[in-house]
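Novice: Structure provided below as structure tokens; questions to follow.
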Amino acid sequence: MYFVRLTGVINCQVAGHMYISSAGRPLSSQCSQLKNYHLKSIRSRSEHTTTSNLITNKAMPGRKKLHHKSNKAKHQPHQRAEKNGNGKQSQSEKQYANGPTPDPGPFRIAQSEVYGRYLVANRQLEAGELLITEEPLVIGPCVSGDSVCLGCYQPVGLGRDQFRCPGCGWPLCEASCPGLGRRVGHTTEECALYGERRPAFAELLSDRTSPSSVRDLYELVMVVRILLMRTHAPEQFALIARMESHTEERRKNAALWSHYEQNVVGRLRDEWKLGDLASEEGARSVHEICGILDVNCFEIGQKGAKARTLYPSAFLLAHDCSPNTAHTDDPRSFAILLRTSRRVRENEALTLSYAYTLQGTLKRRSFMYEGKLFWCRCRRCADPQELGSDCSAIVCRACQQGTVRAVAPLEQTADWACDRCDHQTKVLDLERQMDHINNDLEAIDVHDIPGLENFLVRYRKTLRPNHYLLLSAKFSLCQIYGRIKGYLLPEMSHQDIVRKERYCREFLAIIDLLEPGLTRLRGLIMYELHAPVMVLAQMGLQSGQISRPDFQRRVKEVAKLLQNSRDILLLEPEGSSEHEMGLAAADAFSKMGL
């Protein structure tokens with residue numbers, strides 16, 4: 001379950017257009033019980049989850065991610081969130097009975113022959129209730145191709161002037177990195193292992209190394225850390241080993257299996273000379289670790305840091321493309337903090353999204369199948385209009401008036417059709433077209449306002465206004481208007497301020513459909529929206545274009561935006577960008593004196 005979060009100038013999910021965020025606290029008593037429960041269970045259930053949300057959670061609409069995002073597998077059965085339409089358990093479902101039942105807490109573990117193990121609300125839960133807080137079992141670099149410090153996961157360079165660990169030669173941020181020697185960072189055991197194999201690892205990392213080679217080397221780190229846990233942290237390793245890997249299903253995927261056989265198993269065995277991998281059983285154990293990571297990992301990080309983690313219990317949440325929970329991670333401990341984002345009914349499954357919420361259905365479903373080996377069949381995926389958001393709709397090439405949508409969205413290869421004429425579009429043609437547009441977006445610098453505005457103009461006759469690729473550009477513009485040189489709020493033209501307000505409102509309308517409630521994106525966009533609403537109200541009053549009652553109405557809207565933003569973002573952990581924005585919203589609201 002990889003999760004990422006959004007925070008643009010604050011946190012993001014769109015590669016390059018957002019950053020990452022999280023939160024956490026010490027293991028709660030409920031999670032401690034769940035941890036003990038895991039030790040007694042025979043097998044980890046069959047599917048899981050953001051990210052940066054933020055994220056979360058967790059990238060943003062159209063931005064590419066170069067690594068798998070964990071998801072659970074076994075095709076459609078593993079989407080435990082589906083269940084009955086009313087959210088109640090079917091008769092075949094029952095509470096998982098092995099081991100002690102957690103004392104009346106907010107949720108319980110349930111078991112289904114169809115969905116495996118998942119979490120169910122014990123009672124009606126209100127928005128914002130804390131469900132899980134727990135420390136990571138293991139943490140390591142993301143499989144993104146980015147070079148990061150092995151202690152704190154901040155970006156590092158690969159040049160000669162980059163500080164490197166004296167023991168193993170691996171690039172680190174600095175000699176005083178807070179992660180050196182820590183369980184969640186660069187341990188002494190890991191350093192010793194890498195130090196013995198410098199030619200096969202650290203010495204290959206330079207500014208001349210190809211991006212794919214850097215990616216392959218960093219991909220080994222978390223696998224090696226889990227292998228080391230067999231000796232140095234056996235209890236934690238036992239919890240990881242019980243998680244689902246879907247090894248047999250993965251074996252049937254020739255490309256996926258070949259990648260791990262050559263780049264992970266083969267490399268650790270032949271180049272790293274890890275002797276116990278020479279046997280068939282040893283090689284299978286590494287494949288199982290790779291599967292566990294793909295299926296169960298969360299992607300986390302704050303203020304530039306990027307990492308992926310495994311948690312003892314959080315992976316049990318079921319998937320839904322419009323989830324009822326949100327998560328974040330603590331920037332210091334990397335502990336996960338998971339809350340309800342809206343009201344959850346008694347017996348309703350607790351859900352997270354394994355994919356980027358703001359991507360279109362075709363991309364989301366493909367992403368989940370490739371990473372978790374199941375085709376999502378949730379309510380949003382089954383709806384051609386995606387719960388009213390129309391995030392995938394395009395303009396008909398034939399009549400130029402109609403809208404082209406998936407006719408049978410749960411059939412991945414089915415043609416798309418216009419709602420006004422008889423024109424149909426092949427899925428492969430559509431995917432090529434979207435990839436081309438996405439590449440155009442990727443080529444634009446995140447701070448290039450004219451470039452992003454030009455992108456919106458270029459494709460407004462191709463994509464419908466709420467298309468996820470346009471939403472990605474709009475989200476970036478929501479954040480950088482008013483925040484970069486030449487476009488600071490006092491310097492912005494009336495037209496630019498109007499644009500910022502419009503993009504914020506358009507984006508917020510979609511978030512209210514897909515991520516309603518106390519969700520990070522809603523809090524961030526509400527904060528971004530309050531400034532243009534206030535400035536335009538003041539301009540309108542001074543110019544006589546609006547009346548005093550209209551001005552007061554807009555001031556009240558600003559106060560409401562700040563209040564809601566404060567209430568959402570102050571749920572984020574101290575030290576995170578979102579929490580800092582929440583403090584700013586609280587300060588601005590208090591100064592309004594309302």
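Chain identifiers are assigned as A, B, and so on, following the order in which chains appear in the structure tokens; residues are numbered from 1 within each chain, and ligands are numbered from 1 in order of appearance.
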Excluding stretch 196-209 of chain A and residues on its chain fewer than 2 positions from it, collect all residues at most 12 Å away from it, counting only C-alpha atoms, and give them as a count of residues only.

Specialist: 46

Novice: Please run DSSP on the backbone and report, as an mmCIF file with C-alpha atoms, in the first residue's frame, all residues within stretch 338-423 of chain A that come out as alpha helix (DSSP H).

Specialist:
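Saved as out_10.cif:
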data_model
loop_
_atom_site.group_PDB
_atom_site.id
_atom_site.type_symbol
_atom_site.label_atom_id
_atom_site.label_comp_id
_atom_site.auth_asym_id
_atom_site.auth_seq_id
_atom_site.Cartn_x
_atom_site.Cartn_y
_atom_site.Cartn_z
ATOM 1 C CA THR A 361 -10.320 5.214 -13.566
ATOM 2 C CA LEU A 362 -8.361 3.691 -16.461
ATOM 3 C CA LYS A 363 -5.024 4.688 -14.900
ATOM 4 C CA ARG A 364 -6.050 3.855 -11.328
ATOM 5 C CA ARG A 365 -7.239 0.367 -12.183
ATOM 6 C CA SER A 366 -4.192 -0.369 -14.337
ATOM 7 C CA PHE A 367 -1.880 0.891 -11.591
ATOM 8 C CA MET A 368 -3.523 -1.310 -8.966
ATOM 9 C CA TYR A 369 -3.476 -4.388 -11.152
ATOM 10 C CA GLU A 370 0.192 -3.953 -12.026
ATOM 11 C CA GLY A 371 1.168 -3.404 -8.390
ATOM 12 C CA LYS A 372 -1.357 -5.486 -6.474
ATOM 13 C CA ARG A 379 -18.492 2.183 -6.781
ATOM 14 C CA ARG A 380 -16.374 4.919 -8.308
ATOM 15 C CA CYS A 381 -14.636 2.574 -10.758
ATOM 16 C CA ALA A 382 -18.000 1.190 -11.865
#

Novice: Please provide the set of residues having any atom within 7 Å of stretch 517-526 of chain A, restricted to only C-alpha atoms, with same-chain residues fewer than 2 positions apart removed, written as a list in words.

Specialist: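 Listed by chain and then number, they are Leu6, Asn53, Leu54, Ala127, Gly128, Ala326, Ser341, Arg342, Cys504, Leu508, Ile511, Glu515, Glu528, Leu529, His530, Leu561, Leu562, Asn564, Ser565, Ile568 and Leu569 of chain A.
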
Novice: Please extract the residues of stretch 215-343 of chain A with a backbone DSSP assignment of strand (DSSP E) and present them as a ChimeraX atom specification.

Specialist: /A:298-300,307-310,318-319,325-329,336-340

Novice: Could you write out the selected residues, including N, CA, C and O atoms, as a PDB file, in the first residue's frame?

Specialist:
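Now in again32.pdb:
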ATOM      1  N   PHE A 298       3.648   1.532   2.593  1.00  0.00           N
ATOM      2  CA  PHE A 298       3.153   2.898   2.535  1.00  0.00           C
ATOM      3  C   PHE A 298       4.305   3.786   2.075  1.00  0.00           C
ATOM      4  O   PHE A 298       5.432   3.614   2.525  1.00  0.00           O
ATOM      5  N   GLU A 299       4.039   4.712   1.215  1.00  0.00           N
ATOM      6  CA  GLU A 299       5.041   5.715   0.868  1.00  0.00           C
ATOM      7  C   GLU A 299       4.815   6.932   1.752  1.00  0.00           C
ATOM      8  O   GLU A 299       3.699   7.448   1.851  1.00  0.00           O
ATOM      9  N   ILE A 300       5.864   7.385   2.415  1.00  0.00           N
ATOM     10  CA  ILE A 300       5.734   8.465   3.375  1.00  0.00           C
ATOM     11  C   ILE A 300       6.842   9.488   3.176  1.00  0.00           C
ATOM     12  O   ILE A 300       7.706   9.326   2.321  1.00  0.00           O
ATOM     13  N   ALA A 307      10.364   8.029   1.600  1.00  0.00           N
ATOM     14  CA  ALA A 307      10.673   6.683   2.082  1.00  0.00           C
ATOM     15  C   ALA A 307       9.452   5.800   1.929  1.00  0.00           C
ATOM     16  O   ALA A 307       8.347   6.270   1.663  1.00  0.00           O
ATOM     17  N   ARG A 308       9.651   4.499   2.098  1.00  0.00           N
ATOM     18  CA  ARG A 308       8.524   3.567   2.132  1.00  0.00           C
ATOM     19  C   ARG A 308       8.663   2.715   3.388  1.00  0.00           C
ATOM     20  O   ARG A 308       9.774   2.423   3.849  1.00  0.00           O
ATOM     21  N   THR A 309       7.523   2.313   3.946  1.00  0.00           N
ATOM     22  CA  THR A 309       7.531   1.622   5.229  1.00  0.00           C
ATOM     23  C   THR A 309       6.537   0.471   5.249  1.00  0.00           C
ATOM     24  O   THR A 309       5.595   0.420   4.454  1.00  0.00           O
ATOM     25  N   LEU A 310       6.757  -0.425   6.203  1.00  0.00           N
ATOM     26  CA  LEU A 310       5.781  -1.459   6.553  1.00  0.00           C
ATOM     27  C   LEU A 310       5.373  -1.220   8.001  1.00  0.00           C
ATOM     28  O   LEU A 310       6.227  -0.983   8.856  1.00  0.00           O
ATOM     29  N   ALA A 318      -8.877  -2.029   3.938  1.00  0.00           N
ATOM     30  CA  ALA A 318      -9.313  -2.401   2.593  1.00  0.00           C
ATOM     31  C   ALA A 318      -9.151  -1.216   1.647  1.00  0.00           C
ATOM     32  O   ALA A 318      -8.911  -0.081   2.066  1.00  0.00           O
ATOM     33  N   HIS A 319      -9.299  -1.495   0.378  1.00  0.00           N
ATOM     34  CA  HIS A 319      -9.158  -0.438  -0.634  1.00  0.00           C
ATOM     35  C   HIS A 319     -10.506   0.104  -1.092  1.00  0.00           C
ATOM     36  O   HIS A 319     -11.487  -0.626  -1.223  1.00  0.00           O
ATOM     37  N   THR A 325     -10.922   6.957   5.267  1.00  0.00           N
ATOM     38  CA  THR A 325      -9.872   7.306   6.221  1.00  0.00           C
ATOM     39  C   THR A 325      -8.764   8.064   5.493  1.00  0.00           C
ATOM     40  O   THR A 325      -8.677   8.052   4.264  1.00  0.00           O
ATOM     41  N   ALA A 326      -7.917   8.719   6.286  1.00  0.00           N
ATOM     42  CA  ALA A 326      -6.742   9.404   5.758  1.00  0.00           C
ATOM     43  C   ALA A 326      -5.587   9.134   6.706  1.00  0.00           C
ATOM     44  O   ALA A 326      -5.796   8.899   7.896  1.00  0.00           O
ATOM     45  N   HIS A 327      -4.373   9.137   6.189  1.00  0.00           N
ATOM     46  CA  HIS A 327      -3.225   8.859   7.048  1.00  0.00           C
ATOM     47  C   HIS A 327      -2.130   9.879   6.820  1.00  0.00           C
ATOM     48  O   HIS A 327      -2.079  10.566   5.804  1.00  0.00           O
ATOM     49  N   THR A 328      -1.243   9.963   7.766  1.00  0.00           N
ATOM     50  CA  THR A 328      -0.092  10.839   7.689  1.00  0.00           C
ATOM     51  C   THR A 328       1.015  10.204   8.509  1.00  0.00           C
ATOM     52  O   THR A 328       0.788   9.182   9.162  1.00  0.00           O
ATOM     53  N   ASP A 329       2.223  10.767   8.470  1.00  0.00           N
ATOM     54  CA  ASP A 329       3.322  10.163   9.224  1.00  0.00           C
ATOM     55  C   ASP A 329       4.129  11.226   9.948  1.00  0.00           C
ATOM     56  O   ASP A 329       4.269  12.351   9.475  1.00  0.00           O
ATOM     57  N   ILE A 336       3.001   6.069  11.748  1.00  0.00           N
ATOM     58  CA  ILE A 336       1.807   6.388  10.977  1.00  0.00           C
ATOM     59  C   ILE A 336       0.690   6.804  11.916  1.00  0.00           C
ATOM     60  O   ILE A 336       0.570   6.310  13.044  1.00  0.00           O
ATOM     61  N   LEU A 337      -0.108   7.733  11.475  1.00  0.00           N
ATOM     62  CA  LEU A 337      -1.278   8.171  12.216  1.00  0.00           C
ATOM     63  C   LEU A 337      -2.449   8.119  11.249  1.00  0.00           C
ATOM     64  O   LEU A 337      -2.432   8.791  10.210  1.00  0.00           O
ATOM     65  N   LEU A 338      -3.432   7.294  11.553  1.00  0.00           N
ATOM     66  CA  LEU A 338      -4.555   7.079  10.650  1.00  0.00           C
ATOM     67  C   LEU A 338      -5.860   7.463  11.332  1.00  0.00           C
ATOM     68  O   LEU A 338      -6.133   7.040  12.453  1.00  0.00           O
ATOM     69  N   ARG A 339      -6.645   8.303  10.665  1.00  0.00           N
ATOM     70  CA  ARG A 339      -7.920   8.799  11.200  1.00  0.00           C
ATOM     71  C   ARG A 339      -9.046   8.573  10.194  1.00  0.00           C
ATOM     72  O   ARG A 339      -8.806   8.406   9.003  1.00  0.00           O
ATOM     73  N   THR A 340     -10.274   8.627  10.709  1.00  0.00           N
ATOM     74  CA  THR A 340     -11.424   8.656   9.812  1.00  0.00           C
ATOM     75  C   THR A 340     -11.481  10.038   9.170  1.00  0.00           C
ATOM     76  O   THR A 340     -11.232  11.047   9.828  1.00  0.00           O
TER      77      THR A 340
END

Novice: One decimal, Å: what's the distance from atom CA of A:Ile139 over to atom CA of A:Phe334, could you say?

Specialist: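 Going from atom CA of A:Ile139 over to atom CA of A:Phe334, I get 8.5 Å.
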
Novice: Quick one, how far is atom CA of A:Leu180 from atom CA of A:Val138?

Specialist: 14.9 Å

Novice: Pick out the closest residue to A:Ile109 from this set: A:Thr403, A:Ser392, A:Asn122, A:Gln154. Count only C-alpha atoms.

Specialist: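 Once distances to A:Ile109 are computed over only C-alpha atoms, the minimum belongs to A:Asn122.
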
Novice: Between A:Leu570, A:Val264, A:Val404, A:Leu536, which has the minimum distance to A:Ala586 (counting only C-alpha atoms)?

Specialist: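 Of A:Leu570, A:Val264, A:Val404, A:Leu536, the one nearest A:Ala586 is A:Leu570, counting only C-alpha atoms.
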
Novice: Which of these residues is nearest to A:Val143, using only C-alpha atoms: A:His232, A:Arg251, A:His186, A:Lys306?

Specialist: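 Nearest candidate to A:Val143 out of A:His232, A:Arg251, A:His186, A:Lys306: A:Lys306.
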
Novice: What does the structure give for the distance between atom CA of A:Pro323 and atom CA of A:Gly140, in Å to one decimal?

Specialist: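 Separating atom CA of A:Pro323 from atom CA of A:Gly140 is a distance of 26.1 Å.
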